[in-house]
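Enquirer: File name start_32.csv; file contents CSV, C-alpha atoms; full text below.
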```csv
chain,number,residue,atom,x,y,z
U,7,MET,CA,16.3,-18.5,-16.6
U,8,LYS,CA,16.0,-21.6,-14.5
U,9,LYS,CA,15.9,-20.4,-10.9
U,10,ILE,CA,14.2,-17.4,-9.4
U,11,ALA,CA,13.4,-16.1,-5.9
U,12,VAL,CA,10.7,-14.0,-4.4
U,13,LEU,CA,10.6,-11.8,-1.3
U,14,THR,CA,8.3,-9.4,0.5
U,15,SER,CA,9.7,-6.3,2.1
U,16,GLY,CA,8.6,-3.3,4.1
U,17,GLY,CA,5.1,-3.1,5.5
U,18,ASP,CA,2.8,-6.0,4.8
U,19,ALA,CA,-0.2,-5.6,2.5
U,20,PRO,CA,-3.2,-7.7,1.7
U,21,GLY,CA,-2.6,-9.3,-1.7
U,22,MET,CA,1.0,-10.1,-1.1
U,23,ASN,CA,0.2,-13.8,-0.6
U,24,ALA,CA,-1.7,-13.9,-3.9
U,25,ALA,CA,1.3,-12.5,-5.6
U,26,ILE,CA,3.7,-15.1,-3.9
U,27,ARG,CA,1.3,-17.9,-4.9
U,28,ALA,CA,1.2,-16.7,-8.6
U,29,VAL,CA,5.0,-16.3,-8.8
U,30,VAL,CA,5.6,-19.8,-7.4
U,31,ARG,CA,3.0,-21.6,-9.5
U,32,TYR,CA,3.6,-19.8,-12.7
U,33,GLY,CA,7.3,-20.1,-12.3
U,34,ILE,CA,7.1,-23.9,-11.8
U,35,PHE,CA,4.7,-24.1,-14.8
U,36,ALA,CA,7.4,-22.3,-16.8
U,37,GLY,CA,10.0,-24.9,-15.8
U,38,MET,CA,11.7,-22.8,-13.2
U,39,GLU,CA,12.8,-23.5,-9.6
U,40,VAL,CA,11.4,-20.9,-7.2
U,41,MET,CA,12.9,-20.0,-3.8
U,42,GLY,CA,11.2,-18.0,-1.1
U,43,VAL,CA,13.2,-15.5,0.9
U,44,GLU,CA,12.1,-15.2,4.5
U,45,ARG,CA,11.9,-11.8,6.2
U,46,GLY,CA,12.7,-9.7,3.2
U,47,TYR,CA,16.1,-8.2,2.6
U,48,ALA,CA,17.1,-9.0,6.2
U,49,GLY,CA,16.5,-12.7,5.6
U,50,LEU,CA,18.3,-12.5,2.2
U,51,LEU,CA,21.4,-11.1,3.9
U,52,GLU,CA,21.3,-14.0,6.3
U,53,GLY,CA,20.8,-16.6,3.5
U,54,LYS,CA,17.3,-17.6,4.5
U,55,LEU,CA,16.1,-18.9,1.2
U,56,THR,CA,14.0,-22.0,0.9
U,57,ASN,CA,12.7,-24.0,-2.0
U,58,MET,CA,9.0,-23.6,-2.7
U,59,ASN,CA,6.6,-25.9,-4.5
U,60,MET,CA,2.9,-26.0,-5.6
U,61,ARG,CA,1.8,-27.1,-2.2
U,62,SER,CA,3.8,-24.6,-0.2
U,63,VAL,CA,1.5,-21.9,-1.5
U,64,SER,CA,-1.8,-23.7,-1.1
U,65,ASP,CA,-4.6,-22.0,0.8
U,66,ILE,CA,-2.9,-18.6,1.0
U,67,ILE,CA,-4.7,-16.5,-1.6
U,68,GLN,CA,-7.3,-15.5,1.0
U,69,ARG,CA,-4.9,-14.7,3.8
U,70,GLY,CA,-3.7,-11.2,4.6
U,71,GLY,CA,-0.1,-10.4,5.5
U,72,THR,CA,2.7,-12.5,3.9
U,73,ILE,CA,3.7,-16.1,4.5
U,74,LEU,CA,7.3,-15.2,3.8
U,75,ARG,CA,7.2,-12.5,6.5
U,76,THR,CA,8.8,-9.2,6.2
U,77,ALA,CA,11.3,-6.9,8.0
U,78,ARG,CA,13.0,-3.6,7.7
U,79,CYS,CA,16.7,-3.8,6.7
U,80,LEU,CA,18.8,-0.6,7.0
U,81,GLU,CA,21.9,-2.6,5.9
U,82,MET,CA,20.4,-2.9,2.4
U,83,LYS,CA,20.8,0.9,2.0
U,84,GLU,CA,24.6,0.5,2.1
U,85,LYS,CA,26.8,-0.7,-0.7
U,86,ALA,CA,28.3,-3.5,1.5
U,87,GLY,CA,24.8,-4.8,2.3
U,88,GLN,CA,23.8,-4.7,-1.4
U,89,GLU,CA,26.9,-6.7,-2.4
U,90,LYS,CA,26.2,-9.2,0.4
U,91,ALA,CA,22.6,-9.7,-0.9
U,92,LEU,CA,24.0,-10.2,-4.4
U,93,ALA,CA,26.5,-12.8,-3.1
U,94,GLN,CA,23.7,-14.8,-1.3
U,95,LEU,CA,21.6,-14.9,-4.5
U,96,VAL,CA,24.5,-16.1,-6.5
U,97,ALA,CA,25.5,-18.7,-3.9
U,98,HIS,CA,22.0,-20.1,-4.0
U,99,GLY,CA,22.1,-20.3,-7.8
U,100,VAL,CA,19.3,-17.7,-8.2
U,101,GLU,CA,19.2,-15.9,-11.5
U,102,GLY,CA,16.4,-13.5,-11.0
U,103,LEU,CA,14.6,-11.8,-8.1
U,104,ILE,CA,11.0,-10.6,-7.7
U,105,VAL,CA,10.5,-8.0,-4.9
U,106,ILE,CA,7.0,-7.3,-3.6
U,107,GLY,CA,6.9,-4.1,-1.6
U,108,GLY,CA,6.8,-0.3,-1.6
U,109,ASP,CA,9.2,2.5,-2.6
U,110,GLY,CA,11.9,1.5,0.0
U,111,SER,CA,11.8,-2.1,-1.2
U,112,PHE,CA,12.1,-1.0,-4.8
U,113,MET,CA,15.3,0.9,-3.9
U,114,GLY,CA,16.8,-2.4,-2.9
U,115,ALA,CA,15.7,-4.0,-6.2
U,116,LYS,CA,17.1,-1.0,-8.0
U,117,ALA,CA,20.5,-1.4,-6.3
U,118,LEU,CA,20.6,-5.0,-7.2
U,119,SER,CA,19.7,-4.1,-10.8
U,120,GLU,CA,22.6,-1.6,-10.9
U,121,LEU,CA,24.9,-4.4,-9.7
U,122,GLY,CA,23.8,-6.4,-12.8
U,123,PHE,CA,21.3,-8.7,-11.1
U,124,PRO,CA,17.9,-9.1,-12.9
U,125,SER,CA,15.2,-7.8,-10.6
U,126,ILE,CA,11.5,-7.1,-11.0
U,127,GLY,CA,9.3,-5.1,-8.6
U,128,ILE,CA,5.6,-5.7,-7.7
U,129,PRO,CA,4.0,-2.7,-5.9
U,130,GLY,CA,2.8,-3.9,-2.4
U,131,THR,CA,1.8,-1.1,0.0
U,132,ILE,CA,-1.6,0.0,1.3
U,133,ASP,CA,-0.7,3.6,1.0
U,134,ASN,CA,-1.0,3.7,-2.8
U,135,ASP,CA,2.0,6.1,-2.8
U,136,LEU,CA,3.8,4.8,-5.9
U,137,ALA,CA,3.4,7.3,-8.8
U,138,TYR,CA,3.9,5.0,-11.8
U,139,THR,CA,0.9,2.8,-11.0
U,140,ASP,CA,-2.8,3.6,-10.5
U,141,TYR,CA,-3.1,1.1,-7.7
U,142,THR,CA,-0.9,-0.8,-5.4
U,143,LEU,CA,-1.5,-4.2,-3.7
U,144,GLY,CA,-3.4,-3.8,-0.5
U,145,PHE,CA,-4.9,-0.4,-1.1
U,146,ASP,CA,-8.4,-1.6,-2.0
U,147,THR,CA,-8.6,-3.9,1.0
U,148,ALA,CA,-7.3,-1.2,3.3
U,149,CYS,CA,-9.9,1.2,2.0
U,150,ASN,CA,-12.7,-1.3,2.6
U,151,THR,CA,-11.4,-1.9,6.1
U,152,ILE,CA,-11.5,1.8,6.8
U,153,LEU,CA,-15.0,2.0,5.3
U,154,ASP,CA,-16.2,-0.8,7.7
U,155,ALA,CA,-14.7,1.1,10.6
U,156,ILE,CA,-16.3,4.4,9.5
U,157,ASN,CA,-19.7,2.7,9.3
U,158,LYS,CA,-19.4,1.5,12.9
U,159,ILE,CA,-18.1,4.7,14.2
U,160,ARG,CA,-20.8,6.7,12.5
U,161,ASP,CA,-23.5,4.6,14.3
U,162,THR,CA,-22.3,5.6,17.7
U,163,MET,CA,-21.5,9.2,16.7
U,164,SER,CA,-25.1,9.5,15.5
U,165,SER,CA,-26.4,8.1,18.7
U,166,HIS,CA,-24.6,10.7,20.8
U,167,ASP,CA,-24.6,13.7,18.5
U,168,ARG,CA,-20.8,13.7,18.2
U,169,VAL,CA,-18.1,14.2,15.6
U,170,SER,CA,-15.3,11.7,15.3
U,171,ILE,CA,-11.8,12.4,14.0
U,172,VAL,CA,-10.7,9.1,12.4
U,173,GLU,CA,-7.0,8.9,11.8
U,174,VAL,CA,-5.8,6.5,9.0
U,175,MET,CA,-2.4,5.7,7.6
U,176,GLY,CA,-0.8,7.7,4.9
U,177,ARG,CA,2.3,9.6,6.1
U,178,ASN,CA,3.1,11.3,2.8
U,179,CYS,CA,0.2,10.1,0.7
U,180,GLY,CA,-3.5,10.9,1.5
U,181,ASP,CA,-5.1,8.4,-0.9
U,182,LEU,CA,-6.4,6.2,1.9
U,183,ALA,CA,-8.1,9.1,3.5
U,184,LEU,CA,-9.4,10.5,0.2
U,185,TYR,CA,-10.8,7.3,-1.3
U,186,ALA,CA,-12.2,5.9,1.9
U,187,GLY,CA,-13.5,9.4,2.9
U,188,LEU,CA,-15.3,9.7,-0.4
U,189,GLY,CA,-16.8,6.2,-0.1
U,190,GLY,CA,-17.7,6.7,3.5
U,191,GLY,CA,-19.3,10.1,3.1
U,192,ALA,CA,-16.9,11.8,5.5
U,193,GLU,CA,-17.9,15.4,6.2
U,194,VAL,CA,-14.3,16.6,6.0
U,195,ILE,CA,-11.1,14.9,4.6
U,196,ILE,CA,-7.7,16.1,5.8
U,197,VAL,CA,-4.6,15.1,3.8
U,198,PRO,CA,-0.9,16.1,3.8
U,199,GLU,CA,-0.9,17.1,0.1
U,200,HIS,CA,-3.7,19.7,0.4
U,201,LYS,CA,-3.5,21.9,3.5
U,202,ILE,CA,-6.8,23.0,5.1
U,203,ASP,CA,-7.0,25.5,7.9
U,204,ILE,CA,-8.6,24.4,11.2
U,205,ASP,CA,-10.9,27.3,11.0
U,206,ARG,CA,-12.2,26.1,7.6
U,207,VAL,CA,-12.8,22.6,9.1
U,208,CYS,CA,-14.7,24.1,12.0
U,209,GLU,CA,-16.8,26.2,9.6
U,210,ARG,CA,-17.7,23.2,7.6
U,211,LEU,CA,-18.7,21.1,10.6
U,212,GLU,CA,-20.8,24.0,12.0
U,213,ALA,CA,-22.5,24.6,8.7
U,214,SER,CA,-23.2,20.9,8.5
U,215,LYS,CA,-24.9,21.1,12.0
U,216,GLN,CA,-27.0,24.1,10.8
U,217,ARG,CA,-28.2,22.0,7.9
U,218,GLY,CA,-29.6,19.4,10.4
U,219,LYS,CA,-26.6,17.0,10.8
U,220,HIS,CA,-25.9,16.4,14.5
U,221,SER,CA,-22.9,14.1,13.9
U,222,GLY,CA,-20.0,13.8,11.6
U,223,ILE,CA,-16.9,12.0,10.4
U,224,VAL,CA,-13.6,13.8,9.8
U,225,LEU,CA,-11.1,11.5,8.0
U,226,LEU,CA,-7.5,12.4,8.8
U,227,ALA,CA,-4.3,11.0,7.1
U,228,GLU,CA,-1.6,10.5,9.7
U,229,GLY,CA,0.7,12.8,7.8
U,230,ALA,CA,-1.6,15.7,8.4
U,231,GLY,CA,-1.5,15.6,12.2
U,232,SER,CA,-2.8,13.8,15.2
U,233,ALA,CA,-6.5,12.8,15.6
U,234,ALA,CA,-6.3,13.7,19.3
U,235,ASP,CA,-4.9,17.2,18.6
U,236,TRP,CA,-7.4,17.9,15.9
U,237,ALA,CA,-10.3,16.7,18.1
U,238,GLU,CA,-9.2,18.9,21.0
U,239,GLN,CA,-8.8,22.0,18.9
U,240,ILE,CA,-12.1,21.5,17.0
U,241,GLY,CA,-13.9,20.9,20.3
U,242,LYS,CA,-12.6,24.1,21.9
U,243,ARG,CA,-13.4,26.2,18.8
U,244,THR,CA,-16.9,24.9,18.1
U,245,GLY,CA,-18.3,23.5,21.3
U,246,LEU,CA,-19.1,20.3,19.5
U,247,SER,CA,-18.7,17.0,21.2
U,248,VAL,CA,-15.6,15.5,19.4
U,249,ARG,CA,-13.9,12.1,19.8
U,250,SER,CA,-10.8,10.7,18.1
U,251,THR,CA,-10.1,7.2,16.8
U,252,VAL,CA,-6.8,5.9,15.5
U,253,LEU,CA,-7.3,2.8,13.3
U,254,GLY,CA,-3.6,2.0,13.2
U,255,HIS,CA,-2.4,-1.4,12.0
U,256,LEU,CA,-6.0,-2.7,11.8
U,257,GLN,CA,-5.8,-1.3,8.2
U,258,ARG,CA,-3.0,-3.6,7.1
U,259,GLY,CA,-4.7,-6.9,8.1
U,260,GLY,CA,-7.6,-8.9,6.8
U,261,SER,CA,-8.5,-11.1,3.9
U,262,PRO,CA,-7.7,-9.3,0.6
U,263,SER,CA,-10.5,-8.1,-1.5
U,264,MET,CA,-11.3,-9.6,-4.9
U,265,LYS,CA,-9.4,-6.6,-6.5
U,266,ASP,CA,-6.3,-7.2,-4.5
U,267,ARG,CA,-6.4,-11.0,-5.2
U,268,PHE,CA,-6.7,-10.3,-8.9
U,269,LEU,CA,-3.9,-7.7,-8.9
U,270,GLY,CA,-1.6,-9.9,-6.8
U,271,THR,CA,-2.2,-12.9,-9.1
U,272,SER,CA,-2.0,-11.1,-12.4
U,273,MET,CA,1.1,-9.0,-11.3
U,274,GLY,CA,2.9,-12.1,-10.0
U,275,VAL,CA,2.4,-14.0,-13.3
U,276,TYR,CA,3.4,-10.8,-15.3
U,277,ALA,CA,6.6,-10.5,-13.3
U,278,VAL,CA,7.7,-14.1,-14.0
U,279,LYS,CA,6.9,-13.7,-17.7
U,280,LEU,CA,9.2,-10.7,-17.8
U,281,LEU,CA,12.1,-12.8,-16.4
U,282,GLU,CA,11.1,-15.7,-18.6
U,283,ARG,CA,11.6,-13.4,-21.6
U,284,GLY,CA,14.9,-12.1,-20.4
U,285,VAL,CA,13.5,-8.7,-19.4
U,286,SER,CA,14.7,-7.3,-16.1
U,287,ASN,CA,15.2,-4.2,-14.0
U,288,ARG,CA,11.5,-3.3,-14.3
U,289,VAL,CA,8.5,-2.8,-12.0
U,290,VAL,CA,5.0,-4.1,-12.8
U,291,GLY,CA,2.1,-1.6,-12.5
U,292,ILE,CA,-1.5,-1.0,-13.7
U,293,ARG,CA,-2.5,2.0,-15.7
U,294,ASP,CA,-5.9,2.6,-17.2
U,295,ASN,CA,-6.9,-0.9,-16.1
U,296,LYS,CA,-4.1,-2.6,-18.0
U,297,LEU,CA,-1.0,-4.2,-16.7
U,298,TYR,CA,2.3,-2.8,-17.9
U,299,ASP,CA,6.0,-2.6,-16.8
U,300,GLU,CA,8.2,0.5,-16.3
U,301,ASP,CA,11.9,1.0,-15.9
U,302,ILE,CA,12.7,0.6,-12.2
U,303,VAL,CA,14.9,3.7,-12.1
U,304,THR,CA,12.3,5.8,-13.9
U,305,ALA,CA,9.5,4.5,-11.6
U,306,CYS,CA,11.5,5.3,-8.4
U,307,ARG,CA,12.0,8.9,-9.6
U,308,MET,CA,8.4,9.6,-10.4
U,309,LYS,CA,6.5,12.0,-8.0
U,310,LYS,CA,3.0,11.1,-6.9
U,311,LYS,CA,0.4,13.6,-8.0
U,312,PHE,CA,-2.6,14.2,-5.6
U,313,ASP,CA,-6.0,14.1,-7.3
U,314,VAL,CA,-7.3,17.6,-6.3
U,315,GLU,CA,-10.4,17.2,-8.6
U,316,LEU,CA,-11.4,14.1,-6.6
U,317,TYR,CA,-10.7,15.9,-3.3
U,318,ASN,CA,-12.9,18.9,-4.3
U,319,MET,CA,-15.7,16.5,-5.5
U,320,ALA,CA,-15.6,14.7,-2.1
U,321,ALA,CA,-16.1,18.1,-0.4
U,322,VAL,CA,-19.1,19.0,-2.5
U,323,VAL,CA,-21.0,15.7,-2.1
U,324,ALA,CA,-20.3,15.7,1.6
U,325,ARG,CA,-22.5,18.7,2.3
```
I need this file expressed as structure tokens, please.

Expert:
Amino acid sequence: MKKIAVLTSGGDAPGMNAAIRAVVRYGIFAGMEVMGVERGYAGLLEGKLTNMNMRSVSDIIQRGGTILRTARCLEMKEKAGQEKALAQLVAHGVEGLIVIGGDGSFMGAKALSELGFPSIGIPGTIDNDLAYTDYTLGFDTACNTILDAINKIRDTMSSHDRVSIVEVMGRNCGDLALYAGLGGGAEVIIVPEHKIDIDRVCERLEASKQRGKHSGIVLLAEGAGSAADWAEQIGKRTGLSVRSTVLGHLQRGGSPSMKDRFLGTSMGVYAVKLLERGVSNRVVGIRDNKLYDEDIVTACRMKKKFDVELYNMAAVVAR
């Protein structure tokens, strides 16, 4: 394989630039030409591919976001869009594609694979919602961003004897709330996978107050409701002074952590090596602290399992 391309798709995640850098530099080291696709699949359909070199990825490993930029592309869900994407790749002489993104991005790579075009996926999403890999690019950085926010919010909640409902991302996956809640000592964690009754939340906050705590943090995954609604209901039921904070897109930005820089770099190199060996239609992941690759179709079908044991442990140590 002499010419490959790389794109980032879906929501941006810290560590994507580290992966782009690794793909470009290892690809060139392996004797390949590397093209960057601007704005994900949308840019691919428009033929926005540019040649990349060693210098074009200089000074980006520490930057959040993605230098290739990203965009949603509904057209890629249709057969006509997929065939158009394939035609653009062929027209530019590209022989293999590396896609960095989440489950929606992988569906595009899967479609290209089914059309016979060699494609490799790298998991880039802060939600950590891909079942085949223990961690995704951006998850660690996002957790640390949430932790920093919790620390600051707890300072002011303690000063005013208040409870704060902190809403984090995670529409269908509560890993951000679970891991950051455990690390930040949240009194209650609310996630979409494990329903908890509002009366139970109120009981735990009131019990916490009786034990001498006059403030608290409730970490809420966005898929389990609105912070404002939860704050209003808890305040009415308990009489506690409750405030709500929505962290929003703050969680996606920022310089990637060491872990995400390591994952991005090692996964990028691994992906190019697969194409170099003639292996395609795979996704790169990490399991039990070791990189591995999985069939792209199998990976897309896997269902994420929520770690109930970790959730229960977080509830015990938060008392």

Enquirer: Would you pick out the contacts of U:Arg243 at 12 Å or less, using only C-alpha atoms, so that residues sharing its chain but fewer than 6 positions from it are not included, and give the list as a list of chain:residue names?

Expert: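 Listed by chain and then number, they are U:Ile204, U:Asp205, U:Arg206, U:Val207, U:Cys208, U:Glu209, U:Leu211, U:Glu212, U:Trp236, U:Ala237.
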
Enquirer: For U:Leu55, please output as a PyMOL selection string all residues within 12 Å (counting only C-alpha atoms; exclusion window: fewer than 5 positions along the same chain).

Expert: chain U and resi 10-13+40-50+74+91+94-100+103

Enquirer: Wanna dump the stretch 218-294 of chain U-stretch 181-185 of chain U contacts at 7 Å for me, each residue with its shortest atom pair and the distance in Å to one decimal, counting only C-alpha atoms, ordered by chain and number, as a Markdown table?

Expert:
```
| residue | atom | partner | partner_atom | distance |
| --- | --- | --- | --- | --- |
| U:Leu225 | CA | U:Ala183 | CA | 5.9 |
| U:Leu226 | CA | U:Ala183 | CA | 6.3 |
| U:Ala227 | CA | U:Ala183 | CA | 5.6 |
```

Enquirer: Tell me, in Å to one decimal, how far atom CA of U:Lys242 is from atom CA of U:Gly176.

Expert: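 Separation of atom CA of U:Lys242 and atom CA of U:Gly176: 26.4 Å.
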
Enquirer: Can you find the residues with an atom no farther than 10 Å from (-21.9, 11.8, 0.5), counting all atoms listed in the file, and report them as a ChimeraX atom specification?

Expert: /U:187-193,319-325
